[in-house]
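A short worksheet on the structure shown next.
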Amino acid sequence: MTNPKLEDVAQLAGVSKTTVSRVLNQRGSLSQKTIDKVYRAMKELNYQPNAVARQLYKQKTQLIGLLFPTIANPFFGELTEELEKLLYRQGFKVLVGNSMNDPQKEANYLNQLLTKQVDGLIVGTHNQGIKEYNYEKLPVVAIDRSVNKDIPIIESDNYQGGVLATERLIQKGAKRILHTNGPSSLETPAKKRRLAYEDTMRKYALEPETITIDFNISYDEKKAILAQIFMDYPDTEAVFASNDIDAALILQLAKEYKKRVPEDLMVIGYDGTKMIQNVLPELTTIVQPIESIAKTAVDVLKKRLNDEETALEYCLPICLKEGRTG
């Protein structure tokens, strides 16, 4: 079935067309069992509620959805806080969704957000290939991730950040430098940190070594992967971590493995959130301009809401925060 219709969903779910419409528009009193049946039928038929999508442009709910992997992560937590403040000042309400890097959960959130007729979405999740993003000209803005060719990306200068961190370690005398990053198959702007590290290492005739860490693993699994660095690469002189959480874990492990920082091991992180700077003031890190990222995202989203033209990429400057770890 190439173009399933509302009645097809109703027939498969065993309910009336009116019930399907009520589920899509979040109207009336419906049992969770009925709602689940309708969503199962929609998924099986790959039904896209186009009428609801069109309403995104016609009706103003003053509701913006924010969808991030988890606001427990300091970067996403502070970014969400900043976005909420900016949106509130401009008369918007905010609906926050934690995808936990689960594509099915993200798809469910997107369906819920669409059917609640939100005015727009700001997303920063790491999942790809989710069909719910395939509407044209959706009022959606992405932060540090690639969704599709139509959705604008707001990012910090990841490549320059990678160059700055790697050159800093080289200038400090390190030659055996490791880098932690996500899977190379993941097409996100953050991947440019890896490319910058590898390019810079080769520029100085040094051998790059990137340790891949999946976003979808637990804290204990991540710690085990990072601990393996100390066993597999005992001569490592420095680590450029792709985020401050990895950097903090490496510093913790350095103590366990009796490595002095920075004498035996230098560490540079990435993100520079206020929380990490308060908890680990000694950490040398690349600081992302969270306030500027949030402001740009809101400004671009408002343009999308008003059907104004926007660029497809906005790249904001980073800076190095001096610390004693690297």
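Following the order of the structure tokens, first chain is A, next is B, and so on, with residues numbered from 1 inside each chain and ligands from 1 in the order they appear.
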Q.
Env of segment 292-301 of chain A: 8 Å cut, atoms = only C-alpha atoms, seq-sep filter 6 positions within chain, self excluded. Answer as a PyMOL selection string.
A. chain A and resi 79+82-83+86-87+120-122+139-143+152+154-156+310+316
Q: List the neighbours of segment 212-216 of chain A out to 10 Å using only C-alpha atoms; skip same-chain residues closer than 2 positions along the sequence, and give me the result as a ChimeraX atom specification.
A: /A:69,100-102,126-127,179-184,186,209-210,218-219,221-222,225-226,242,246
Go ahead and write the selection's residues with C-alpha atoms as a PDB file, in the first residue's frame.
```pdb
ATOM      1  CA  PRO A  69      19.331  12.369  23.997  1.00  0.00           C
ATOM      2  CA  MET A 100      17.880   8.263  25.358  1.00  0.00           C
ATOM      3  CA  ASN A 101      19.432   7.624  21.893  1.00  0.00           C
ATOM      4  CA  ASP A 102      16.624   5.170  21.130  1.00  0.00           C
ATOM      5  CA  HIS A 126      21.964  11.172  17.394  1.00  0.00           C
ATOM      6  CA  ASN A 127      19.562   8.823  15.597  1.00  0.00           C
ATOM      7  CA  HIS A 179      41.106  10.726  20.746  1.00  0.00           C
ATOM      8  CA  THR A 180      37.686   9.467  21.828  1.00  0.00           C
ATOM      9  CA  ASN A 181      34.734   9.932  19.472  1.00  0.00           C
ATOM     10  CA  GLY A 182      31.454   8.397  18.386  1.00  0.00           C
ATOM     11  CA  PRO A 183      31.045   5.865  15.556  1.00  0.00           C
ATOM     12  CA  SER A 184      32.574   7.056  12.274  1.00  0.00           C
ATOM     13  CA  LEU A 186      27.410   8.710  12.423  1.00  0.00           C
ATOM     14  CA  GLU A 209      44.468   6.699  17.126  1.00  0.00           C
ATOM     15  CA  THR A 210      40.739   7.199  17.640  1.00  0.00           C
ATOM     16  CA  SER A 218      25.843   2.554  29.810  1.00  0.00           C
ATOM     17  CA  TYR A 219      28.180   4.497  32.093  1.00  0.00           C
ATOM     18  CA  GLU A 221      30.394   0.104  29.623  1.00  0.00           C
ATOM     19  CA  LYS A 222      31.919   3.452  28.706  1.00  0.00           C
ATOM     20  CA  ILE A 225      36.219   1.006  27.232  1.00  0.00           C
ATOM     21  CA  LEU A 226      38.171   3.965  28.570  1.00  0.00           C
ATOM     22  CA  SER A 242      35.254  14.470  22.415  1.00  0.00           C
ATOM     23  CA  ASP A 246      34.718  11.243  28.770  1.00  0.00           C
TER      24      ASP A 246
END
```
Q: Identify, with DSSP run on backbone atoms, the residues in segment 39-225 of chain A assigned to helix (DSSP H, G or I), and express the list as a VMD selection string.
A: chain A and resid 39 to 45 50 to 58 74 to 89 103 to 115 131 to 133 158 to 171 191 to 203 219 to 225
Can you check which parts of segment 16-94 of chain A lie within 10 Å of segment 262-279 of chain A? Per residue, the shortest pair of atoms and distance in Å to one decimal, counting only C-alpha atoms, sorted by chain and number, as a tab-separated table.
```
residue	atom	partner	partner_atom	distance
A:Asn73	CA	A:Thr273	CA	10.0
A:Pro74	CA	A:Thr273	CA	6.5
A:Phe75	CA	A:Thr273	CA	6.0
A:Phe76	CA	A:Thr273	CA	9.5
A:Gly77	CA	A:Thr273	CA	9.4
A:Glu78	CA	A:Thr273	CA	7.3
A:Leu79	CA	A:Thr273	CA	9.3
```
Q: Compare A:Leu12, A:Val163, A:Leu195, A:Ala254 by their minimum atom-to-atom distance to Lys43 of chain A, counting only C-alpha atoms, and give me the closest one.
A: A:Leu12
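Taking the backbone of this structure through DSSP, the residues of segment 161-206 of chain A that come out as strand (DSSP E) are Ile177, Leu178, His179, Thr180 and Asn181 of chain A.
In this structure, atom CA of Leu251 of chain A sits 18.2 Å away from atom CA of Val287 of chain A.
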Q.
So that I can see what lies close to Lys33 of chain A, please list as a ChimeraX atom specification the residues with an atom at most 12 Å from it, counting only C-alpha atoms and leaving out residues fewer than 4 positions away in the same chain.
A. /A:13-15,23,29,37-40
Could those selected residues go to a file with N, CA and C atoms, as a PDB file, in the first residue's frame?
```
ATOM      1  N   ALA A  13      -6.909  -0.992  12.627  1.00  0.00           N
ATOM      2  CA  ALA A  13      -6.979  -0.862  14.085  1.00  0.00           C
ATOM      3  C   ALA A  13      -8.304  -1.342  14.647  1.00  0.00           C
ATOM      4  N   GLY A  14      -9.301  -1.521  13.768  1.00  0.00           N
ATOM      5  CA  GLY A  14     -10.609  -1.968  14.232  1.00  0.00           C
ATOM      6  C   GLY A  14     -11.393  -0.887  14.952  1.00  0.00           C
ATOM      7  N   VAL A  15     -11.188   0.369  14.496  1.00  0.00           N
ATOM      8  CA  VAL A  15     -11.901   1.496  15.103  1.00  0.00           C
ATOM      9  C   VAL A  15     -12.484   2.355  13.984  1.00  0.00           C
ATOM     10  N   VAL A  23      -7.508  10.443  17.981  1.00  0.00           N
ATOM     11  CA  VAL A  23      -6.174  10.065  18.466  1.00  0.00           C
ATOM     12  C   VAL A  23      -5.128  11.025  17.908  1.00  0.00           C
ATOM     13  N   SER A  29     -11.939  11.687  25.163  1.00  0.00           N
ATOM     14  CA  SER A  29     -11.465  10.707  26.140  1.00  0.00           C
ATOM     15  C   SER A  29     -11.304   9.351  25.461  1.00  0.00           C
ATOM     16  N   LYS A  37      -3.534   0.906  19.735  1.00  0.00           N
ATOM     17  CA  LYS A  37      -3.957   0.181  18.532  1.00  0.00           C
ATOM     18  C   LYS A  37      -3.820   1.075  17.293  1.00  0.00           C
ATOM     19  N   VAL A  38      -4.216   2.319  17.438  1.00  0.00           N
ATOM     20  CA  VAL A  38      -4.153   3.240  16.306  1.00  0.00           C
ATOM     21  C   VAL A  38      -2.693   3.491  15.903  1.00  0.00           C
ATOM     22  N   TYR A  39      -1.822   3.705  16.898  1.00  0.00           N
ATOM     23  CA  TYR A  39      -0.416   3.962  16.573  1.00  0.00           C
ATOM     24  C   TYR A  39       0.252   2.725  15.970  1.00  0.00           C
ATOM     25  N   ARG A  40      -0.138   1.539  16.443  1.00  0.00           N
ATOM     26  CA  ARG A  40       0.413   0.309  15.848  1.00  0.00           C
ATOM     27  C   ARG A  40       0.008   0.200  14.377  1.00  0.00           C
TER      28      ARG A  40
END
```
